[in-house]
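Enquirer: Pasting a structure below so you can have a look.
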Amino acid sequence: MACRVVGISDSVYRYQPDKARDDKVIAKLQEAVERYPAYVFSKLCKILKRWRHGWNHKRVYRIYCELNLNKRRRGKRRLPGRKPEPLAVPGQANHCYCWSMDFMCDSLQCGRRFRTFNLVDDFNREALAIEIDLNLPLQRVVRLLERVVAWRGYPAKLSMDNGPAFISITLASWAEEHCIALDFIKPGKPTQNPYIERFDQTYRDEILNMYVFRTLNEVRELTDNWMTEYNKERPHDALNDLTPWEYLTKHELTESSNYRCN
């Protein structure tokens with residue numbers, strides 16, 4: 001009688017959701033969180049789709065919140081009105097090809113500080129190399145660039161800040177010898193080098209801030225595993241949810257097919 005008064009059916013009133021049907025979603029979501037602990041919901045949802053699960057994102061989000069997996073959002077500063085321009089993305093992988101590089105710092109459990117040198121390909125956001133040590137002189141950076149060039153080829157340009165490690169004769173001589181342009185951003189303008197800055201933030205959130213390191217070997221091992229995951233498994237919004245290696249492979253196949261047609 002009460003159901004008829006409020007205008008609903010008896011079956012709607014007596015309906016009890018079947019919690020067992022969510023068990024598989026819970027198991028796979030927990031597996032994804034355990035494997036990628038730093039990923040937010042949007043990344044986890046894309047990972048589940050890459051694992052061939054077609055669950056509705058609203059259902060996954062409901063379970064995600066019930067498990068208290070949602071991360072606290074960072075507060076955003078209020079900025080004045082502006083007209084942002086799209087980033088300049090290299091159009092090809094071998095000609096107008098640009099790498100970005102930067103240094104980062106962190107410390108071991110004993111308090112001893114170490115540095116990392118990060119090298120990223122702007123074209124497909126691929127992490128080309130991360131060198132880690134207590135001290136990284138420019139001669140070692142040049143040797144690392146030579147190792148990457150041996151399997152990737154020479155870039156047309158290197159983008160970097162105006163740090164004392166980069167404004168040296170050693171790097172300038174090496175770049176001039178191989179016809180590589182050095183693109184220095186304006187002092188105090190990290191937004192002019194956005195690809196490496198975004199990569200540095202991801203690397204710090206998912207590795208440097210995620211673990212306590214006792215030795216440099218631990219940092220190197222975790223970083224090597226993370227680089228493989230970053231290049232092979234992590235989908236990127238700017239790459240149409242493809243990984244860096246998938247995007248590069250797709251581009252190379254397109255280039256080869258266009259070459260055969262011409």
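Chain identifiers are assigned as A, B, and so on, following the order in which chains appear in the structure tokens; residues are numbered from 1 within each chain, and ligands are numbered from 1 in order of appearance.
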Taking the backbone alone, and naming residues the way the document does, which bits of region 22-252 of chain A are strand (DSSP E) by DSSP, as a PDB file with N, CA and C atoms, in the first residue's frame?

Expert:
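Resulting contents of selection_16.pdb:
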```
ATOM      1  N   CYS A  98      63.552  16.667 -31.182  1.00  0.00           N
ATOM      2  CA  CYS A  98      64.048  17.423 -30.028  1.00  0.00           C
ATOM      3  C   CYS A  98      64.025  16.558 -28.775  1.00  0.00           C
ATOM      4  N   TRP A  99      65.096  16.637 -28.004  1.00  0.00           N
ATOM      5  CA  TRP A  99      65.156  15.999 -26.695  1.00  0.00           C
ATOM      6  C   TRP A  99      65.185  17.092 -25.631  1.00  0.00           C
ATOM      7  N   SER A 100      64.592  16.805 -24.489  1.00  0.00           N
ATOM      8  CA  SER A 100      64.635  17.713 -23.339  1.00  0.00           C
ATOM      9  C   SER A 100      65.390  17.020 -22.205  1.00  0.00           C
ATOM     10  N   MET A 101      66.143  17.792 -21.446  1.00  0.00           N
ATOM     11  CA  MET A 101      66.916  17.186 -20.361  1.00  0.00           C
ATOM     12  C   MET A 101      66.953  18.120 -19.164  1.00  0.00           C
ATOM     13  N   ASP A 102      67.158  17.510 -17.987  1.00  0.00           N
ATOM     14  CA  ASP A 102      67.136  18.283 -16.749  1.00  0.00           C
ATOM     15  C   ASP A 102      67.777  17.460 -15.646  1.00  0.00           C
ATOM     16  N   PHE A 103      68.195  18.146 -14.587  1.00  0.00           N
ATOM     17  CA  PHE A 103      68.736  17.497 -13.395  1.00  0.00           C
ATOM     18  C   PHE A 103      67.709  17.553 -12.275  1.00  0.00           C
ATOM     19  N   MET A 104      67.732  16.531 -11.405  1.00  0.00           N
ATOM     20  CA  MET A 104      66.908  16.503 -10.202  1.00  0.00           C
ATOM     21  C   MET A 104      67.777  16.074  -9.029  1.00  0.00           C
ATOM     22  N   CYS A 105      67.307  16.371  -7.818  1.00  0.00           N
ATOM     23  CA  CYS A 105      68.032  16.006  -6.600  1.00  0.00           C
ATOM     24  C   CYS A 105      67.110  15.284  -5.631  1.00  0.00           C
ATOM     25  N   ASP A 106      67.681  14.382  -4.844  1.00  0.00           N
ATOM     26  CA  ASP A 106      66.963  13.721  -3.758  1.00  0.00           C
ATOM     27  C   ASP A 106      68.010  13.206  -2.779  1.00  0.00           C
ATOM     28  N   SER A 107      67.596  12.478  -1.752  1.00  0.00           N
ATOM     29  CA  SER A 107      68.548  12.023  -0.739  1.00  0.00           C
ATOM     30  C   SER A 107      68.260  10.582  -0.348  1.00  0.00           C
ATOM     31  N   ARG A 113      72.911  13.174  -0.322  1.00  0.00           N
ATOM     32  CA  ARG A 113      72.143  13.598  -1.485  1.00  0.00           C
ATOM     33  C   ARG A 113      72.728  12.993  -2.764  1.00  0.00           C
ATOM     34  N   PHE A 114      71.839  12.751  -3.730  1.00  0.00           N
ATOM     35  CA  PHE A 114      72.262  12.269  -5.047  1.00  0.00           C
ATOM     36  C   PHE A 114      71.513  13.048  -6.118  1.00  0.00           C
ATOM     37  N   ARG A 115      71.994  12.942  -7.345  1.00  0.00           N
ATOM     38  CA  ARG A 115      71.411  13.657  -8.469  1.00  0.00           C
ATOM     39  C   ARG A 115      70.943  12.664  -9.536  1.00  0.00           C
ATOM     40  N   THR A 116      69.977  13.088 -10.310  1.00  0.00           N
ATOM     41  CA  THR A 116      69.536  12.312 -11.468  1.00  0.00           C
ATOM     42  C   THR A 116      69.551  13.220 -12.689  1.00  0.00           C
ATOM     43  N   PHE A 117      69.960  12.646 -13.809  1.00  0.00           N
ATOM     44  CA  PHE A 117      69.914  13.351 -15.093  1.00  0.00           C
ATOM     45  C   PHE A 117      68.860  12.670 -15.951  1.00  0.00           C
ATOM     46  N   ASN A 118      67.817  13.424 -16.310  1.00  0.00           N
ATOM     47  CA  ASN A 118      66.678  12.878 -17.041  1.00  0.00           C
ATOM     48  C   ASN A 118      66.709  13.355 -18.486  1.00  0.00           C
ATOM     49  N   LEU A 119      66.478  12.421 -19.401  1.00  0.00           N
ATOM     50  CA  LEU A 119      66.483  12.719 -20.834  1.00  0.00           C
ATOM     51  C   LEU A 119      65.198  12.177 -21.448  1.00  0.00           C
ATOM     52  N   VAL A 120      64.422  13.052 -22.104  1.00  0.00           N
ATOM     53  CA  VAL A 120      63.106  12.705 -22.639  1.00  0.00           C
ATOM     54  C   VAL A 120      63.022  13.114 -24.102  1.00  0.00           C
ATOM     55  N   ASP A 121      62.360  12.273 -24.886  1.00  0.00           N
ATOM     56  CA  ASP A 121      62.080  12.590 -26.288  1.00  0.00           C
ATOM     57  C   ASP A 121      60.752  13.345 -26.361  1.00  0.00           C
ATOM     58  N   GLU A 126      58.964   9.675 -24.658  1.00  0.00           N
ATOM     59  CA  GLU A 126      59.689   8.486 -24.191  1.00  0.00           C
ATOM     60  C   GLU A 126      60.824   8.878 -23.256  1.00  0.00           C
ATOM     61  N   ALA A 127      60.969   8.130 -22.168  1.00  0.00           N
ATOM     62  CA  ALA A 127      62.105   8.323 -21.265  1.00  0.00           C
ATOM     63  C   ALA A 127      63.308   7.614 -21.869  1.00  0.00           C
ATOM     64  N   LEU A 128      64.250   8.383 -22.407  1.00  0.00           N
ATOM     65  CA  LEU A 128      65.404   7.807 -23.082  1.00  0.00           C
ATOM     66  C   LEU A 128      66.461   7.324 -22.101  1.00  0.00           C
ATOM     67  N   ALA A 129      66.635   8.051 -21.004  1.00  0.00           N
ATOM     68  CA  ALA A 129      67.653   7.654 -20.023  1.00  0.00           C
ATOM     69  C   ALA A 129      67.454   8.435 -18.736  1.00  0.00           C
ATOM     70  N   ILE A 130      67.816   7.795 -17.630  1.00  0.00           N
ATOM     71  CA  ILE A 130      67.906   8.459 -16.327  1.00  0.00           C
ATOM     72  C   ILE A 130      69.197   7.979 -15.678  1.00  0.00           C
ATOM     73  N   GLU A 131      70.149   8.892 -15.555  1.00  0.00           N
ATOM     74  CA  GLU A 131      71.436   8.573 -14.940  1.00  0.00           C
ATOM     75  C   GLU A 131      71.418   9.023 -13.490  1.00  0.00           C
ATOM     76  N   ILE A 132      71.911   8.166 -12.579  1.00  0.00           N
ATOM     77  CA  ILE A 132      71.818   8.435 -11.140  1.00  0.00           C
ATOM     78  C   ILE A 132      73.193   8.258 -10.500  1.00  0.00           C
ATOM     79  N   ASP A 133      73.620   9.252  -9.742  1.00  0.00           N
ATOM     80  CA  ASP A 133      74.878   9.137  -9.000  1.00  0.00           C
ATOM     81  C   ASP A 133      74.979  10.295  -8.017  1.00  0.00           C
ATOM     82  N   LYS A 157      67.822  19.012 -31.912  1.00  0.00           N
ATOM     83  CA  LYS A 157      67.875  20.075 -30.903  1.00  0.00           C
ATOM     84  C   LYS A 157      67.824  19.461 -29.517  1.00  0.00           C
ATOM     85  N   LEU A 158      68.482  20.131 -28.569  1.00  0.00           N
ATOM     86  CA  LEU A 158      68.421  19.778 -27.159  1.00  0.00           C
ATOM     87  C   LEU A 158      67.831  20.959 -26.401  1.00  0.00           C
ATOM     88  N   SER A 159      66.783  20.717 -25.628  1.00  0.00           N
ATOM     89  CA  SER A 159      66.135  21.771 -24.862  1.00  0.00           C
ATOM     90  C   SER A 159      66.495  21.623 -23.392  1.00  0.00           C
ATOM     91  N   MET A 160      66.869  22.737 -22.742  1.00  0.00           N
ATOM     92  CA  MET A 160      67.331  22.669 -21.351  1.00  0.00           C
ATOM     93  C   MET A 160      67.217  24.040 -20.702  1.00  0.00           C
ATOM     94  N   ALA A 181      71.500  21.788 -32.253  1.00  0.00           N
ATOM     95  CA  ALA A 181      71.201  23.105 -31.688  1.00  0.00           C
ATOM     96  C   ALA A 181      70.892  22.974 -30.205  1.00  0.00           C
ATOM     97  N   LEU A 182      71.388  23.933 -29.430  1.00  0.00           N
ATOM     98  CA  LEU A 182      71.100  23.978 -27.999  1.00  0.00           C
ATOM     99  C   LEU A 182      70.057  25.070 -27.760  1.00  0.00           C
ATOM    100  N   ASP A 183      68.900  24.669 -27.253  1.00  0.00           N
ATOM    101  CA  ASP A 183      67.789  25.598 -27.030  1.00  0.00           C
ATOM    102  C   ASP A 183      67.657  25.853 -25.533  1.00  0.00           C
ATOM    103  N   PHE A 184      68.105  27.023 -25.079  1.00  0.00           N
ATOM    104  CA  PHE A 184      68.036  27.383 -23.673  1.00  0.00           C
ATOM    105  C   PHE A 184      66.754  28.180 -23.420  1.00  0.00           C
TER     106      PHE A 184
END
```

Enquirer: According to DSSP computed on the backbone, where in region 83-184 of chain A is there helix (DSSP H, G or I)? Give the residues as a list in words.

Expert: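 Here are the helix (DSSP H, G or I) residues of region 83-184 of chain A: Leu138, Gln139, Arg140, Val141, Val142, Arg143, Leu144, Leu145, Glu146, Arg147, Val148, Val149, Ala150, Trp151, Arg152, Ile169, Thr170, Leu171, Ala172, Ser173, Trp174, Ala175, Glu176 and Glu177 of chain A.
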
Enquirer: Go ahead and write the selection's residues with C-alpha atoms as an mmCIF file, in the first residue's frame.

Expert:
```
data_model
loop_
_atom_site.group_PDB
_atom_site.id
_atom_site.type_symbol
_atom_site.label_atom_id
_atom_site.label_comp_id
_atom_site.auth_asym_id
_atom_site.auth_seq_id
_atom_site.Cartn_x
_atom_site.Cartn_y
_atom_site.Cartn_z
ATOM 1 C CA LEU A 138 79.210 17.194 -17.866
ATOM 2 C CA GLN A 139 81.730 14.701 -19.264
ATOM 3 C CA ARG A 140 79.540 11.880 -17.956
ATOM 4 C CA VAL A 141 76.415 13.518 -19.369
ATOM 5 C CA VAL A 142 78.063 13.680 -22.806
ATOM 6 C CA ARG A 143 79.008 9.999 -22.570
ATOM 7 C CA LEU A 144 75.386 9.176 -21.722
ATOM 8 C CA LEU A 145 74.169 11.197 -24.717
ATOM 9 C CA GLU A 146 76.576 9.267 -26.931
ATOM 10 C CA ARG A 147 75.182 5.956 -25.642
ATOM 11 C CA VAL A 148 71.620 7.043 -26.400
ATOM 12 C CA VAL A 149 72.637 8.364 -29.831
ATOM 13 C CA ALA A 150 74.177 4.978 -30.652
ATOM 14 C CA TRP A 151 70.729 3.339 -30.755
ATOM 15 C CA ARG A 152 68.451 6.322 -31.370
ATOM 16 C CA ILE A 169 82.117 24.513 -23.236
ATOM 17 C CA THR A 170 82.038 20.698 -23.006
ATOM 18 C CA LEU A 171 78.388 20.401 -24.020
ATOM 19 C CA ALA A 172 78.580 23.262 -26.522
ATOM 20 C CA SER A 173 81.588 21.691 -28.275
ATOM 21 C CA TRP A 174 79.914 18.291 -28.483
ATOM 22 C CA ALA A 175 76.694 19.797 -29.870
ATOM 23 C CA GLU A 176 78.579 21.900 -32.440
ATOM 24 C CA GLU A 177 80.587 18.883 -33.568
#
```

Enquirer: Using only C-alpha atoms, find the one residue out of A:Asp10, A:Pro137, A:Gln109, A:Lys58 that sits nearest to Glu218 (chain A).

Expert: A:Gln109

Enquirer: Which residue is closest to Phe41 (chain A)? Choose from A:Ala156, A:Cys65, A:Leu248, A:Ile196 and count only C-alpha atoms.

Expert: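 The closest residue to Phe41 (chain A) is A:Cys65.
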
Enquirer: For Gln30 (chain A), please output as a PyMOL selection string all residues within 10 Å (counting only C-alpha atoms; exclusion window: fewer than 6 positions along the same chain).

Expert: chain A and resi 24+36-37+44+64+67+69

Enquirer: Would you save the residues of that selection, restricted to N, CA and C atoms, as a PDB file, in the first residue's frame?

Expert:
```pdb
ATOM      1  N   LYS A  24      34.820  -9.339  -9.069  1.00  0.00           N
ATOM      2  CA  LYS A  24      35.865  -9.363 -10.097  1.00  0.00           C
ATOM      3  C   LYS A  24      36.410  -7.959 -10.337  1.00  0.00           C
ATOM      4  N   TYR A  36      50.343  -0.198  -9.779  1.00  0.00           N
ATOM      5  CA  TYR A  36      50.608   1.209 -10.079  1.00  0.00           C
ATOM      6  C   TYR A  36      50.080   2.065  -8.926  1.00  0.00           C
ATOM      7  N   PRO A  37      50.769   2.101  -7.799  1.00  0.00           N
ATOM      8  CA  PRO A  37      50.223   2.772  -6.606  1.00  0.00           C
ATOM      9  C   PRO A  37      50.068   4.281  -6.754  1.00  0.00           C
ATOM     10  N   LEU A  44      43.970   4.529 -13.815  1.00  0.00           N
ATOM     11  CA  LEU A  44      43.587   3.153 -13.487  1.00  0.00           C
ATOM     12  C   LEU A  44      42.482   2.658 -14.402  1.00  0.00           C
ATOM     13  N   TYR A  64      35.737   2.249  -6.762  1.00  0.00           N
ATOM     14  CA  TYR A  64      36.974   2.963  -6.418  1.00  0.00           C
ATOM     15  C   TYR A  64      36.771   3.818  -5.166  1.00  0.00           C
ATOM     16  N   LEU A  67      36.196   1.662  -1.928  1.00  0.00           N
ATOM     17  CA  LEU A  67      37.444   1.119  -1.391  1.00  0.00           C
ATOM     18  C   LEU A  67      38.353   2.207  -0.824  1.00  0.00           C
ATOM     19  N   LEU A  69      40.029   4.541  -2.332  1.00  0.00           N
ATOM     20  CA  LEU A  69      41.264   4.639  -3.095  1.00  0.00           C
ATOM     21  C   LEU A  69      41.476   6.025  -3.685  1.00  0.00           C
TER      22      LEU A  69
END
```

Enquirer: Separation of CA of Cys179 (chain A) and CA of Leu253 (chain A), in Å?

Expert: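 According to the coordinates, CA of Cys179 (chain A) and CA of Leu253 (chain A) are separated by 27.8 Å.
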
Enquirer: Quick one: pull the distance between CA of Pro164 (chain A) and CA of Ile185 (chain A), Å, one decimal.

Expert: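 Value for the CA of Pro164 (chain A)-CA of Ile185 (chain A) distance: 13.3 Å.
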
Enquirer: Mind giving me the straight-line distance from CA of Gln16 (chain A) to CA of His57 (chain A) in Å, one decimal?

Expert: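 According to the coordinates, CA of Gln16 (chain A) and CA of His57 (chain A) are separated by 21.8 Å.
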
Enquirer: Rank nothing, just name the residue among A:Val60, A:Leu134, A:Leu242, A:Val12 nearest to Arg112 (chain A), using only C-alpha atoms.

Expert: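 Of the candidates, the smallest distance to Arg112 (chain A) is held by A:Leu134.
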
Enquirer: Which residues are close to Ile47 (chain A), i.e. within 10 Å by only C-alpha atoms, leaving aside same-chain residues fewer than 6 positions away? Reply as a count of residues only.

Expert: 11

Enquirer: Smallest atom-to-atom distance to Trp51 (chain A): which of A:Lys28, A:Ala38, A:Phe166, A:Lys71, using only C-alpha atoms?

Expert: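 Closest to Trp51 (chain A) of all the choices is A:Lys28.
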